[in-house]
file entry_4.cif (mmCIF, C-alpha atoms)
data_start
loop_
_atom_site.label_atom_id
_atom_site.label_comp_id
_atom_site.auth_asym_id
_atom_site.auth_seq_id
_atom_site.Cartn_x
_atom_site.Cartn_y
_atom_site.Cartn_z
CA MET A 1 16.60 -2.98 -0.91
CA ALA A 2 17.18 -4.91 2.33
CA VAL A 3 14.28 -5.55 4.69
CA PRO A 4 14.16 -2.68 7.21
CA ARG A 5 15.01 -3.63 10.78
CA THR A 6 14.98 -0.18 12.39
CA LYS A 7 12.80 2.90 12.38
CA ALA A 8 15.39 4.80 10.31
CA GLU A 9 15.62 2.01 7.74
CA LEU A 10 11.82 1.75 7.52
CA LEU A 11 11.42 5.49 6.97
CA SER A 12 14.19 5.47 4.38
CA ALA A 13 12.63 2.53 2.51
CA ILE A 14 9.22 4.19 2.45
CA GLU A 15 10.60 7.55 1.29
CA THR A 16 12.84 5.98 -1.37
CA GLU A 17 10.24 3.64 -2.84
CA PHE A 18 7.47 6.23 -2.70
CA ALA A 19 9.62 8.81 -4.52
CA LYS A 20 10.37 6.30 -7.30
CA LEU A 21 6.70 5.36 -7.57
CA GLU A 22 5.64 9.00 -7.59
CA ARG A 23 8.01 9.76 -10.49
CA GLU A 24 6.56 6.83 -12.42
CA LEU A 25 2.97 7.91 -11.75
CA ASP A 26 3.71 11.54 -12.64
CA SER A 27 4.72 10.46 -16.15
CA ILE A 28 1.35 8.82 -16.89
CA PRO A 29 -1.19 11.03 -18.66
CA PRO A 30 -4.39 11.37 -16.58
CA GLU A 31 -6.49 10.06 -19.49
CA ARG A 32 -4.69 6.69 -19.25
CA PHE A 33 -5.51 6.19 -15.54
CA ALA A 34 -8.87 4.52 -16.20
CA GLU A 35 -7.75 1.99 -18.86
CA PRO A 36 -8.11 -1.55 -17.50
CA SER A 37 -4.90 -2.72 -19.18
CA LEU A 38 -2.72 -3.96 -16.29
CA ASP A 39 -2.86 -7.43 -14.78
CA GLY A 40 -5.04 -7.22 -11.67
CA HIS A 41 -4.19 -8.36 -8.16
CA ALA A 42 -6.56 -11.33 -8.46
CA LYS A 43 -5.67 -14.00 -11.02
CA GLY A 44 -7.40 -13.49 -14.34
CA THR A 45 -8.46 -9.88 -13.67
CA MET A 46 -7.43 -6.61 -15.22
CA MET A 47 -7.03 -3.26 -13.52
CA SER A 48 -6.27 0.31 -14.43
CA VAL A 49 -3.48 2.56 -13.17
CA GLY A 50 -6.17 4.19 -11.02
CA ASP A 51 -7.04 0.78 -9.57
CA LEU A 52 -3.37 0.18 -8.76
CA VAL A 53 -3.22 3.50 -6.92
CA ALA A 54 -6.52 2.67 -5.18
CA TYR A 55 -4.99 -0.62 -4.01
CA LEU A 56 -2.06 1.25 -2.45
CA ILE A 57 -4.40 3.76 -0.83
CA GLY A 58 -6.61 0.97 0.48
CA TRP A 59 -3.73 -0.86 2.15
CA GLY A 60 -2.19 2.33 3.52
CA GLU A 61 -5.47 3.43 5.07
CA LEU A 62 -6.08 -0.08 6.37
CA VAL A 63 -2.73 -0.11 8.20
CA ILE A 64 -3.58 3.29 9.70
CA LYS A 65 -6.91 1.82 10.87
CA TRP A 66 -5.13 -1.19 12.43
CA ILE A 67 -2.73 1.03 14.35
CA GLU A 68 -5.40 3.47 15.52
CA ARG A 69 -7.73 0.68 16.69
CA ASP A 70 -4.86 -1.02 18.49
CA GLU A 71 -3.91 2.26 20.22
CA GLN A 72 -7.53 2.62 21.39
CA GLY A 73 -7.55 -0.92 22.76
CA LEU A 74 -10.15 -1.98 20.21
CA PRO A 75 -10.06 -5.31 18.38
CA VAL A 76 -8.42 -5.30 14.96
CA ASP A 77 -9.91 -7.47 12.21
CA PHE A 78 -6.99 -8.69 10.13
CA PRO A 79 -6.79 -8.09 7.28
CA GLU A 80 -10.14 -6.26 7.23
CA THR A 81 -13.63 -6.76 8.60
CA GLY A 82 -15.38 -9.31 6.39
CA PHE A 83 -12.18 -10.56 4.74
CA LYS A 84 -9.77 -13.39 5.47
CA TRP A 85 -6.09 -13.49 4.49
CA ASN A 86 -6.93 -15.92 1.68
CA GLU A 87 -9.37 -13.36 0.20
CA LEU A 88 -6.90 -10.61 -0.67
CA GLY A 89 -7.98 -10.64 -4.33
CA ARG A 90 -11.52 -9.83 -3.23
CA LEU A 91 -10.17 -7.13 -0.91
CA ALA A 92 -8.23 -5.64 -3.83
CA GLN A 93 -11.48 -5.50 -5.83
CA LYS A 94 -13.09 -3.64 -2.90
CA PHE A 95 -10.26 -1.09 -2.90
CA TYR A 96 -10.66 -0.56 -6.67
CA SER A 97 -14.38 0.03 -6.18
CA ASP A 98 -13.92 2.30 -3.16
CA TYR A 99 -11.78 4.79 -5.07
CA ARG A 100 -12.80 4.31 -8.71
CA ALA A 101 -14.81 7.56 -8.87
CA LEU A 102 -11.85 9.72 -7.85
CA PRO A 103 -10.00 11.65 -10.56
CA PRO A 104 -6.26 10.91 -10.97
CA SER A 105 -5.19 14.06 -9.12
CA GLU A 106 -7.27 13.12 -6.08
CA LEU A 107 -6.06 9.52 -6.16
CA LEU A 108 -2.46 10.74 -6.12
CA SER A 109 -3.21 13.23 -3.35
CA ARG A 110 -4.91 10.56 -1.26
CA LEU A 111 -1.97 8.18 -1.80
CA ALA A 112 0.47 10.86 -0.65
CA GLY A 113 -1.77 11.55 2.34
CA SER A 114 -1.87 7.93 3.46
CA LYS A 115 1.91 7.69 3.11
CA ALA A 116 2.36 10.91 5.14
CA ALA A 117 0.02 9.64 7.87
CA LEU A 118 1.95 6.37 8.09
CA VAL A 119 5.26 8.22 8.28
CA ALA A 120 3.86 10.29 11.16
CA LEU A 121 2.74 7.12 12.97
CA ILE A 122 6.22 5.62 12.49
CA GLU A 123 7.95 8.80 13.66
CA ALA A 124 5.89 8.71 16.87
CA ARG A 125 7.41 5.33 17.75
CA ASP A 126 10.87 4.07 18.60
CA ASP A 127 12.71 0.96 17.43
CA GLN A 128 11.41 -0.90 20.48
CA ALA A 129 7.77 -0.28 19.56
CA LEU A 130 8.36 -1.01 15.87
CA TYR A 131 10.63 -4.04 16.00
CA ALA A 132 11.21 -5.49 19.48
CA GLN A 133 8.08 -7.61 19.79
CA ALA A 134 5.46 -9.34 17.70
CA TRP A 135 2.53 -7.04 16.94
CA TYR A 136 0.43 -9.34 14.75
CA ASP A 137 1.09 -13.07 14.81
CA LYS A 138 4.90 -13.30 14.57
CA TRP A 139 5.32 -9.94 12.81
CA PRO A 140 6.49 -6.75 14.51
CA LEU A 141 4.63 -3.53 13.72
CA GLY A 142 7.47 -2.20 11.57
CA ARG A 143 7.36 -5.28 9.36
CA MET A 144 3.57 -5.08 9.01
CA ILE A 145 3.94 -1.46 7.91
CA GLN A 146 6.71 -2.36 5.46
CA PHE A 147 4.62 -5.21 3.99
CA ASN A 148 1.99 -2.61 3.09
CA THR A 149 4.08 0.43 2.10
CA SER A 150 7.60 0.22 0.69
CA SER A 151 7.20 -3.32 -0.70
CA PRO A 152 3.93 -2.61 -2.55
CA TYR A 153 5.29 0.76 -3.73
CA ALA A 154 8.23 -1.07 -5.34
CA ASN A 155 5.93 -3.73 -6.77
CA ALA A 156 3.57 -1.10 -8.22
CA ARG A 157 6.47 0.76 -9.80
CA GLY A 158 7.62 -2.48 -11.44
CA ARG A 159 4.12 -3.15 -12.75
CA LEU A 160 3.92 0.36 -14.19
CA ARG A 161 7.31 0.11 -15.88
CA LYS A 162 6.32 -3.22 -17.45
CA TRP A 163 2.95 -1.78 -18.54
CA LYS A 164 4.62 1.23 -20.13
CA LYS A 165 6.84 -1.05 -22.21
CA VAL A 166 3.81 -3.07 -23.35
CA ILE A 167 1.88 0.06 -24.40
CA GLY A 168 4.96 1.64 -25.96
CA ALA A 169 5.21 4.49 -23.49
CA ALA A 170 8.53 3.55 -21.87
#

call {"tool": "encode", "arguments": {"input": "entry_4.cif", "output": "structure tokens"}}
result
Amino acid sequence: MAVPRTKAELLSAIETEFAKLERELDSIPPERFAEPSLDGHAKGTMMSVGDLVAYLIGWGELVIKWIERDEQGLPVDFPETGFKWNELGRLAQKFYSDYRALPPSELLSRLAGSKAALVALIEARDDQALYAQAWYDKWPLGRMIQFNTSSPYANARGRLRKWKKVIGAA
């Protein structure tokens, strides 16, 4: 899929990739969610399907936090308070830990909720606000949202499809 350059393209990318990811996740038995059998986000680590979903929730909720703090005129710590951009593996581990206690149904509900909240934030903006100027460093807001929604949804779906082949569930 091409990199979105408009509000309509961004919304379409998010909806398309999320629907594909959701179909993939719906086919995984809940009892397999906690198995640490996928390659983790940090080199040399393993994660579970639940951890992968937690990672997506963590980034979605983090983007919401960025936007809300920015709207309130408050400083935004990128990528997150206490983390630098070169510590994303450690941040992934934090996301896994933050949501590890949630059952699969709640993880999936929370993922859908973060996606819905992001869609609402996008819908409240026009192309100008999303793409006409840099929002963080050289990146417009729409691109920062895309980096943390449709792209990771597609990546997660690919990881799940590969994992299913390895475990013989494809």

call {"tool": "closest_residue", "arguments": {"input": "entry_4.cif", "among": "A:Gly60, A:Gly158, A:Pro75, A:Gly40", "to": "Gly89 in chain A", "atoms": "all atoms listed in the file"}}
result
A:Gly40

call {"tool": "closest_atom_pairs", "arguments": {"input": "entry_4.cif", "of": "range 10-80 of chain A", "to": "range 105-108 of chain A", "cutoff": "10 Å", "atoms": "all atoms listed in the file", "output": "Markdown table"}}
result
| residue | atom | partner | partner_atom | distance |
| --- | --- | --- | --- | --- |
| A:Glu22 | CA | A:Leu108 | CA | 8.4 |
| A:Leu25 | CA | A:Leu108 | CA | 8.3 |
| A:Asp26 | CA | A:Leu108 | CA | 9.0 |
| A:Pro30 | CA | A:Ser105 | CA | 8.0 |
| A:Phe33 | CA | A:Leu107 | CA | 10.0 |
| A:Gly50 | CA | A:Leu107 | CA | 7.2 |
| A:Asp51 | CA | A:Leu107 | CA | 9.4 |
| A:Val53 | CA | A:Leu107 | CA | 6.7 |
| A:Ala54 | CA | A:Leu107 | CA | 6.9 |
| A:Leu56 | CA | A:Leu107 | CA | 9.9 |
| A:Ile57 | CA | A:Leu107 | CA | 8.0 |

call {"tool": "write_last_selection", "arguments": {"input": "entry_4.cif", "atoms": "C-alpha atoms", "output": "PDB file, in the frame of the given file"}}
result
ATOM      1  CA  GLU A  22       5.640   9.000  -7.590  1.00  0.00           C
ATOM      2  CA  LEU A  25       2.970   7.910 -11.750  1.00  0.00           C
ATOM      3  CA  ASP A  26       3.710  11.540 -12.640  1.00  0.00           C
ATOM      4  CA  PRO A  30      -4.390  11.370 -16.580  1.00  0.00           C
ATOM      5  CA  PHE A  33      -5.510   6.190 -15.540  1.00  0.00           C
ATOM      6  CA  GLY A  50      -6.170   4.190 -11.020  1.00  0.00           C
ATOM      7  CA  ASP A  51      -7.040   0.780  -9.570  1.00  0.00           C
ATOM      8  CA  VAL A  53      -3.220   3.500  -6.920  1.00  0.00           C
ATOM      9  CA  ALA A  54      -6.520   2.670  -5.180  1.00  0.00           C
ATOM     10  CA  LEU A  56      -2.060   1.250  -2.450  1.00  0.00           C
ATOM     11  CA  ILE A  57      -4.400   3.760  -0.830  1.00  0.00           C
TER      12      ILE A  57
END

call {"tool": "atom_distance", "arguments": {"input": "entry_4.cif", "atom1": "CA of Arg143 in chain A", "atom2": "CA of Lys43 in chain A"}}
result
25.7 Å

call {"tool": "residues_around", "arguments": {"input": "entry_4.cif", "residues": "Ala92 in chain A", "least_positions_apart": "6", "cutoff": "8 Å", "atoms": "all atoms listed in the file", "output": "list of chain:residue names"}}
result
A:His41, A:Ala42, A:Tyr55

call {"tool": "write_last_selection", "arguments": {"input": "entry_4.cif", "atoms": "C-alpha atoms", "output": "mmCIF file, keeping the file's coordinate frame"}}
result
data_model
loop_
_atom_site.group_PDB
_atom_site.id
_atom_site.type_symbol
_atom_site.label_atom_id
_atom_site.label_comp_id
_atom_site.auth_asym_id
_atom_site.auth_seq_id
_atom_site.Cartn_x
_atom_site.Cartn_y
_atom_site.Cartn_z
ATOM 1 C CA HIS A 41 -4.190 -8.360 -8.160
ATOM 2 C CA ALA A 42 -6.560 -11.330 -8.460
ATOM 3 C CA TYR A 55 -4.990 -0.620 -4.010
#

call {"tool": "resolve_selection", "arguments": {"input": "entry_4.cif", "expression": "the PyMOL selection byres ((chain A and resi 21) around 9)", "output": "MDAnalysis selection string"}}
result
chainID A and resid 16:20 22:26 153:154 156:158 160

call {"tool": "closest_residue", "arguments": {"input": "entry_4.cif", "among": "A:Arg100, A:Arg159, A:Lys7, A:Arg32", "to": "Glu123 in chain A", "atoms": "all atoms listed in the file"}}
result
A:Lys7

call {"tool": "residues_around", "arguments": {"input": "entry_4.cif", "residues": "Phe147 in chain A", "least_positions_apart": "6", "cutoff": "12 Å", "atoms": "only C-alpha atoms", "output": "PyMOL selection string"}}
result
chain A and resi 3-4+10+13-14+56+59-60+63+139-141+153-155

call {"tool": "closest_residue", "arguments": {"input": "entry_4.cif", "among": "A:Gln93, A:Asp127, A:Leu118, A:Ile28", "to": "Met46 in chain A", "atoms": "all atoms listed in the file"}}
result
A:Gln93

call {"tool": "resolve_selection", "arguments": {"input": "entry_4.cif", "expression": "the PyMOL selection byres ((chain A and resi 80) around 10)", "output": "ChimeraX atom specification"}}
result
/A:59,62-63,65-66,76-79,81-85,88,91

call {"tool": "atom_distance", "arguments": {"input": "entry_4.cif", "atom1": "CA of Gly58 in chain A", "atom2": "CA of Gly113 in chain A"}}
result
11.8 Å

call {"tool": "closest_residue", "arguments": {"input": "entry_4.cif", "among": "A:Gln133, A:Ser109, A:Gln128, A:Thr45", "to": "Arg90 in chain A", "atoms": "all atoms listed in the file"}}
result
A:Thr45

call {"tool": "atom_distance", "arguments": {"input": "entry_4.cif", "atom1": "CA of Val166 in chain A", "atom2": "CA of Lys94 in chain A"}}
result
26.5 Å

call {"tool": "closest_residue", "arguments": {"input": "entry_4.cif", "among": "A:Ala132, A:Ala34, A:Ala2, A:Asp126", "to": "Leu102 in chain A", "atoms": "only C-alpha atoms"}}
result
A:Ala34

call {"tool": "resolve_selection", "arguments": {"input": "entry_4.cif", "expression": "the PyMOL selection byres ((chain A and resi 38) around 7)", "output": "count of residues only"}}
result
8

call {"tool": "axis_aligned_box", "arguments": {"input": "entry_4.cif", "around": "range 8-23 of chain A", "padding_each_side": "6 Å", "output": "lines of an AutoDock Vina configuration file"}}
result
center_x = 10.6
center_y = 5.8
center_z = -0.1
size_x = 22.0
size_y = 20.0
size_z = 32.8

call {"tool": "closest_residue", "arguments": {"input": "entry_4.cif", "among": "A:Val49, A:Glu15, A:Glu61, A:Thr149", "to": "Ser27 in chain A", "atoms": "all atoms listed in the file"}}
result
A:Val49
